[in-house]
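A short worksheet on the structure shown next.
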Amino acid sequence: MAKVTVMGSTGTIGKNVTFKLARADVISEVVLFSRPESLDKAKGQSYDMYDALAAEDIDCLLTPSCNFEDIAGSDIVLITAGVHRDKGMSRRDLAFTNAKIVSNYAKQIAIHAPDAIILVATNPVDVMTAIAYDASGFNRDKVIGLGNHLDSLRLKTYFARRLNINGSEIHTRVIGEHGDNMVPLLSSTTIGGIPLKYFIREVELDIKDIIQTLRNAGNTIISKKGATEYGPAYAISNLITTIITNTHKILTVSLYLDGEIADVKGVCLGVPSVLSKKGNAMIVPIHMNEYETNKFRNAAEEIKKLTDEVMESLKEE
């Protein structure tokens with residue numbers, strides 16, 4: 001049984017992740033980590049969750065805390081703390097403010113939970129993954145960002161709903177930036193084992209509209225209800241349970257690259273990863289067409305530039 005710490009546990013996504021994890025049968029303790037001024041809220045959430053867990057006869061220890069010593073022994077520490085994205089804001093608008101938070105937490109994780117895997121969900125997630133990697137000093141395989149896992153789930157759902165086909169028959173993936181420079185791998189997408197390029201000849205499918213819907217998904221939800229919560233929370237929980245159970249699933253997460261995909265180096269981007277209890281077990285090599293390769297390299301350039309600017313701002317603090 002595993003111990004997981006959720007940093008930012010009183011936030012919209014953090015509390016949903018916490019409750020989802022508490023209901024997982026592979027986790028024995030969740031630390032609801034918060035700022036001192038939010039500790040009472042974290043305690044209140046734990047009491048409320050205990051009531052719900054009792055209805056399902058689930059026995060998971062919930063530990064509200066603002067003390068870094070309580071994260072000791074965590075198998076995974078999730079960083080979801082930071083300024084949230086409001087309507088009209090891009091993920092990049094959050095970079096400089098959230099970098100200070102993520103950097104500080106990553107340093108504390110290195111001190112108090114040196115054997116943990118760090119999972120980053122704070123936006124812009126590719127940049128924040130690089131910040132956590134640099135600040136923690138961890139092996140790069142132990143610092144993982146949410147990346148394009150949620151984007152990939154969304155794209156799968158869009159194809160399934162528009163074609164009225166069970167989602168299990170859709171195999172697709174999004175890589176690159178979790179943002180405007182995401183790269184849907186349409187060249188390797190299959191439906192029922194049939195490559196997409198052959199399948200769409202027989203059906204009406206507006207690919208450009210689907211991709212635009214995908215890129216706007218977060219802003220669309222935020223504009224209508226104020227925040228995304230269930231999608232990110234369940235995608236994060238999916239990553240955590242995949243790592244803990246050592247199932248070696250291939251999911252698209254943000255990792256620090258050293259030439260594994262399209263010769264891109266020195267930046268964190270979403271790539272297919274075999275996840276294990278040790279973190280990233282392998283970055284899966286992929287074949288892309290020329291358009292996808294160029295888009296991936298463009299994403300790398302954009303994220304590398306922003307990451308360097310954010311890193312420089314931290315040095316000036």
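How things are named: the first chain in the structure tokens is A, the next is B, and so on; residues count from 1 in each chain; ligands count from 1 in the order shown.
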
- Item | Residues of stretch 28-133 of chain A in alpha helix (DSSP H), written as an MDAnalysis selection string | chainID A and resid 39:55 95:112 125:133

- Message: Applying 12 Å and only C-alpha atoms, which residues near A:Asp206 remain after dropping the ones on its own chain fewer than 4 positions away? List them as a VMD selection string.
- Response: chain A and resid 158 to 159 162 to 163 200 to 201 210 to 213

Given the selection you just returned, output its residues as a file containing all heavy atoms, formatted as an mmCIF file, in the first residue's frame.
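Written output follows (selection-v3.cif):
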data_model
loop_
_atom_site.group_PDB
_atom_site.id
_atom_site.type_symbol
_atom_site.label_atom_id
_atom_site.label_comp_id
_atom_site.auth_asym_id
_atom_site.auth_seq_id
_atom_site.Cartn_x
_atom_site.Cartn_y
_atom_site.Cartn_z
ATOM 1 N N TYR A 158 -13.387 12.518 -28.298
ATOM 2 C CA TYR A 158 -13.967 13.236 -29.432
ATOM 3 C C TYR A 158 -14.204 12.295 -30.610
ATOM 4 O O TYR A 158 -15.265 12.320 -31.243
ATOM 5 C CB TYR A 158 -13.059 14.381 -29.882
ATOM 6 C CG TYR A 158 -12.888 15.479 -28.866
ATOM 7 C CD1 TYR A 158 -11.830 16.378 -28.961
ATOM 8 C CD2 TYR A 158 -13.765 15.638 -27.795
ATOM 9 C CE1 TYR A 158 -11.664 17.401 -28.035
ATOM 10 C CE2 TYR A 158 -13.602 16.636 -26.872
ATOM 11 C CZ TYR A 158 -12.547 17.528 -26.990
ATOM 12 O OH TYR A 158 -12.379 18.517 -26.074
ATOM 13 N N PHE A 159 -13.210 11.470 -30.923
ATOM 14 C CA PHE A 159 -13.366 10.514 -32.022
ATOM 15 C C PHE A 159 -14.491 9.518 -31.709
ATOM 16 O O PHE A 159 -15.331 9.227 -32.566
ATOM 17 C CB PHE A 159 -12.063 9.748 -32.259
ATOM 18 C CG PHE A 159 -11.049 10.498 -33.079
ATOM 19 C CD1 PHE A 159 -9.737 10.631 -32.646
ATOM 20 C CD2 PHE A 159 -11.385 11.064 -34.298
ATOM 21 C CE1 PHE A 159 -8.800 11.319 -33.395
ATOM 22 C CE2 PHE A 159 -10.462 11.752 -35.060
ATOM 23 C CZ PHE A 159 -9.153 11.872 -34.603
ATOM 24 N N ARG A 162 -18.028 11.275 -31.953
ATOM 25 C CA ARG A 162 -18.434 11.713 -33.287
ATOM 26 C C ARG A 162 -18.647 10.536 -34.226
ATOM 27 O O ARG A 162 -19.389 10.644 -35.201
ATOM 28 C CB ARG A 162 -17.400 12.685 -33.853
ATOM 29 C CG ARG A 162 -17.309 13.955 -33.013
ATOM 30 C CD ARG A 162 -16.574 15.062 -33.688
ATOM 31 N NE ARG A 162 -16.403 16.198 -32.780
ATOM 32 C CZ ARG A 162 -16.098 17.420 -33.159
ATOM 33 N NH1 ARG A 162 -15.933 17.687 -34.443
ATOM 34 N NH2 ARG A 162 -15.956 18.392 -32.285
ATOM 35 N N LEU A 163 -17.993 9.411 -33.937
ATOM 36 C CA LEU A 163 -18.164 8.237 -34.776
ATOM 37 C C LEU A 163 -19.151 7.234 -34.182
ATOM 38 O O LEU A 163 -19.471 6.228 -34.812
ATOM 39 C CB LEU A 163 -16.811 7.550 -34.981
ATOM 40 C CG LEU A 163 -15.784 8.325 -35.811
ATOM 41 C CD1 LEU A 163 -14.421 7.652 -35.721
ATOM 42 C CD2 LEU A 163 -16.229 8.445 -37.258
ATOM 43 N N ILE A 200 -11.380 7.393 -42.447
ATOM 44 C CA ILE A 200 -12.155 8.610 -42.690
ATOM 45 C C ILE A 200 -12.635 8.736 -44.132
ATOM 46 O O ILE A 200 -13.457 9.589 -44.432
ATOM 47 C CB ILE A 200 -11.364 9.885 -42.306
ATOM 48 C CG1 ILE A 200 -10.080 9.991 -43.136
ATOM 49 C CG2 ILE A 200 -11.053 9.908 -40.832
ATOM 50 C CD1 ILE A 200 -9.304 11.274 -42.872
ATOM 51 N N ARG A 201 -12.153 7.893 -45.015
ATOM 52 C CA ARG A 201 -12.635 7.946 -46.390
ATOM 53 C C ARG A 201 -14.101 7.531 -46.478
ATOM 54 O O ARG A 201 -14.810 7.892 -47.412
ATOM 55 C CB ARG A 201 -11.787 7.021 -47.275
ATOM 56 C CG ARG A 201 -10.359 7.510 -47.463
ATOM 57 C CD ARG A 201 -9.566 6.527 -48.304
ATOM 58 N NE ARG A 201 -8.177 6.947 -48.465
ATOM 59 C CZ ARG A 201 -7.237 6.221 -49.073
ATOM 60 N NH1 ARG A 201 -7.565 5.043 -49.588
ATOM 61 N NH2 ARG A 201 -6.014 6.672 -49.180
ATOM 62 N N ILE A 210 -12.137 18.996 -34.944
ATOM 63 C CA ILE A 210 -11.827 18.188 -33.770
ATOM 64 C C ILE A 210 -10.571 18.706 -33.085
ATOM 65 O O ILE A 210 -10.520 18.852 -31.850
ATOM 66 C CB ILE A 210 -11.655 16.705 -34.161
ATOM 67 C CG1 ILE A 210 -13.012 16.101 -34.531
ATOM 68 C CG2 ILE A 210 -11.012 15.907 -33.028
ATOM 69 C CD1 ILE A 210 -12.936 14.684 -35.047
ATOM 70 N N ILE A 211 -9.541 19.016 -33.860
ATOM 71 C CA ILE A 211 -8.277 19.493 -33.284
ATOM 72 C C ILE A 211 -8.464 20.860 -32.647
ATOM 73 O O ILE A 211 -7.915 21.146 -31.568
ATOM 74 C CB ILE A 211 -7.176 19.544 -34.360
ATOM 75 C CG1 ILE A 211 -6.943 18.151 -34.963
ATOM 76 C CG2 ILE A 211 -5.882 20.091 -33.770
ATOM 77 C CD1 ILE A 211 -6.714 17.061 -33.947
ATOM 78 N N GLN A 212 -9.250 21.723 -33.286
ATOM 79 C CA GLN A 212 -9.501 23.039 -32.703
ATOM 80 C C GLN A 212 -10.283 22.913 -31.398
ATOM 81 O O GLN A 212 -10.010 23.629 -30.421
ATOM 82 C CB GLN A 212 -10.271 23.924 -33.700
ATOM 83 C CG GLN A 212 -10.341 25.395 -33.310
ATOM 84 C CD GLN A 212 -8.967 26.030 -33.177
ATOM 85 O OE1 GLN A 212 -8.064 25.758 -33.966
ATOM 86 N NE2 GLN A 212 -8.803 26.854 -32.163
ATOM 87 N N THR A 213 -11.241 22.016 -31.381
ATOM 88 C CA THR A 213 -11.999 21.754 -30.153
ATOM 89 C C THR A 213 -11.078 21.266 -29.047
ATOM 90 O O THR A 213 -11.200 21.670 -27.885
ATOM 91 C CB THR A 213 -13.098 20.698 -30.413
ATOM 92 O OG1 THR A 213 -13.976 21.183 -31.431
ATOM 93 C CG2 THR A 213 -13.903 20.425 -29.152
#

- Hey, which of A:Ile283, A:Leu39, A:Ala54, A:Leu150 ends up closest to A:Tyr256? Count only C-alpha atoms. A:Ile283

- Message: Run DSSP on the backbone and tell me which residues of stretch 75-167 of chain A come out as strand (DSSP E or B); list them as a PyMOL selection string.
- Response: chain A and resi 76-79+117-120+143-145

- Using only C-alpha atoms, which of the listed residues (A:Thr247, A:Asn219, A:Asp126, A:Asn166) sits closest to A:Lys305? A:Asp126

- Distance criterion (only C-alpha atoms): nearest to A:Ser46 out of A:Thr97, A:Ser273, A:Asn67, A:Ser9: A:Ser9

Any chance you could tabulate, as CSV, the residues of stretch 245-313 of chain A at most 10 Å from stretch 98-105 of chain A with each one's nearest atom pair and distance in Å to one decimal, using only C-alpha atoms, in chain and rising number order?
residue,atom,partner,partner_atom,distance
A:Thr307,CA,A:Ala99,CA,9.6
A:Val310,CA,A:Ala99,CA,7.1
A:Met311,CA,A:Ala99,CA,8.2
A:Ser313,CA,A:Ala99,CA,9.1

Using only C-alpha atoms, please write the residues we just selected to a file, as a PDB file, in the first residue's frame.
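Okay, out-v4.pdb is ready:
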ATOM      1  CA  THR A 307      11.499  27.758 -19.484  1.00  0.00           C
ATOM      2  CA  VAL A 310      11.358  31.509 -15.996  1.00  0.00           C
ATOM      3  CA  MET A 311      14.592  29.902 -14.772  1.00  0.00           C
ATOM      4  CA  SER A 313      13.639  35.011 -13.158  1.00  0.00           C
TER       5      SER A 313
END

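Closest approach to A:Arg173 from the set A:Glu301, A:Leu251, A:Ala113, A:Tyr291 is made by A:Leu251, with distances taken over only C-alpha atoms.
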
- What's the 12 Å shell around A:Glu69, counting only C-alpha atoms, without same-chain residues fewer than 2 positions away, as number ranges by chain? A: 5, 31, 33, 63, 65-67, 71-74, 108-114

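Going from atom CA of A:Val6 over to atom CA of A:Lys224, you cover 26.7 Å.
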
- Query: Any idea what the distance is between atom CA of A:Val30 and atom CA of A:Ile244?
  - Reply: 13.3 Å

- Tell me which protein, DNA and RNA residues are within 9 Å of A:His149, counting only C-alpha atoms, leaving out same-chain ones fewer than 2 positions away, and put them as an MDAnalysis selection string. chainID A and resid 146:147 151:154 173:175 178 235:236 239 251:254 270

Output for the residues just chosen: N, CA and C atoms as a PDB file, in the first residue's frame:
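Just written: out01.pdb:
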ATOM      1  N   LEU A 146       2.024  16.050 -15.840  1.00  0.00           N
ATOM      2  CA  LEU A 146       0.772  15.531 -16.402  1.00  0.00           C
ATOM      3  C   LEU A 146       0.814  15.514 -17.922  1.00  0.00           C
ATOM      4  N   GLY A 147       1.520  16.485 -18.506  1.00  0.00           N
ATOM      5  CA  GLY A 147       1.763  16.477 -19.954  1.00  0.00           C
ATOM      6  C   GLY A 147       0.498  16.431 -20.784  1.00  0.00           C
ATOM      7  N   ASP A 151      -5.033  15.549 -22.666  1.00  0.00           N
ATOM      8  CA  ASP A 151      -5.303  15.876 -24.072  1.00  0.00           C
ATOM      9  C   ASP A 151      -5.576  14.603 -24.874  1.00  0.00           C
ATOM     10  N   SER A 152      -4.803  13.569 -24.605  1.00  0.00           N
ATOM     11  CA  SER A 152      -4.973  12.303 -25.327  1.00  0.00           C
ATOM     12  C   SER A 152      -6.320  11.664 -25.006  1.00  0.00           C
ATOM     13  N   LEU A 153      -6.723  11.737 -23.738  1.00  0.00           N
ATOM     14  CA  LEU A 153      -8.032  11.209 -23.351  1.00  0.00           C
ATOM     15  C   LEU A 153      -9.156  11.986 -24.034  1.00  0.00           C
ATOM     16  N   ARG A 154      -8.985  13.301 -24.087  1.00  0.00           N
ATOM     17  CA  ARG A 154      -9.997  14.138 -24.735  1.00  0.00           C
ATOM     18  C   ARG A 154     -10.120  13.802 -26.215  1.00  0.00           C
ATOM     19  N   ARG A 173      -3.067   9.575 -29.681  1.00  0.00           N
ATOM     20  CA  ARG A 173      -2.162  10.175 -28.703  1.00  0.00           C
ATOM     21  C   ARG A 173      -1.847  11.607 -29.101  1.00  0.00           C
ATOM     22  N   VAL A 174      -1.684  12.442 -28.085  1.00  0.00           N
ATOM     23  CA  VAL A 174      -1.250  13.823 -28.293  1.00  0.00           C
ATOM     24  C   VAL A 174       0.079  13.991 -27.578  1.00  0.00           C
ATOM     25  N   ILE A 175       1.052  14.630 -28.237  1.00  0.00           N
ATOM     26  CA  ILE A 175       2.356  14.864 -27.630  1.00  0.00           C
ATOM     27  C   ILE A 175       2.690  16.353 -27.711  1.00  0.00           C
ATOM     28  N   HIS A 178       1.477  20.838 -23.526  1.00  0.00           N
ATOM     29  CA  HIS A 178       0.101  20.849 -23.041  1.00  0.00           C
ATOM     30  C   HIS A 178      -0.372  22.298 -23.170  1.00  0.00           C
ATOM     31  N   ALA A 235      -7.428  12.234 -14.603  1.00  0.00           N
ATOM     32  CA  ALA A 235      -6.220  11.948 -15.387  1.00  0.00           C
ATOM     33  C   ALA A 235      -5.010  11.826 -14.468  1.00  0.00           C
ATOM     34  N   ILE A 236      -4.909  12.716 -13.476  1.00  0.00           N
ATOM     35  CA  ILE A 236      -3.810  12.668 -12.512  1.00  0.00           C
ATOM     36  C   ILE A 236      -3.889  11.386 -11.692  1.00  0.00           C
ATOM     37  N   LEU A 239      -2.619   8.460 -13.589  1.00  0.00           N
ATOM     38  CA  LEU A 239      -1.160   8.383 -13.627  1.00  0.00           C
ATOM     39  C   LEU A 239      -0.608   7.810 -12.321  1.00  0.00           C
ATOM     40  N   LEU A 251       1.614   5.940 -21.263  1.00  0.00           N
ATOM     41  CA  LEU A 251       0.808   7.149 -21.162  1.00  0.00           C
ATOM     42  C   LEU A 251       1.663   8.346 -21.554  1.00  0.00           C
ATOM     43  N   THR A 252       1.002   9.403 -21.991  1.00  0.00           N
ATOM     44  CA  THR A 252       1.739  10.562 -22.503  1.00  0.00           C
ATOM     45  C   THR A 252       1.936  11.597 -21.412  1.00  0.00           C
ATOM     46  N   VAL A 253       3.167  11.684 -20.918  1.00  0.00           N
ATOM     47  CA  VAL A 253       3.489  12.580 -19.812  1.00  0.00           C
ATOM     48  C   VAL A 253       4.650  13.488 -20.190  1.00  0.00           C
ATOM     49  N   SER A 254       4.823  14.533 -19.405  1.00  0.00           N
ATOM     50  CA  SER A 254       5.910  15.472 -19.660  1.00  0.00           C
ATOM     51  C   SER A 254       7.178  14.984 -18.977  1.00  0.00           C
ATOM     52  N   GLY A 270       5.540  16.612 -23.560  1.00  0.00           N
ATOM     53  CA  GLY A 270       4.748  15.403 -23.491  1.00  0.00           C
ATOM     54  C   GLY A 270       5.205  14.375 -24.504  1.00  0.00           C
TER      55      GLY A 270
END

- Item | Minimum-distance residue to A:Gly266, chosen among A:Gly137, A:Ala130, A:Ala299, A:Ala160 (using only C-alpha atoms) |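 Looking only at the distances to A:Gly266, the closest residue turns out to be A:Ala130.
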
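Counting from atom CA of A:Ile165, the distance to atom CA of A:His287 is 26.1 Å.
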
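Of the listed residues (A:Ile286, A:Gly218, A:Ser28, A:Asn148), A:Ile286 comes nearest to A:Asp263; the distances count only C-alpha atoms.
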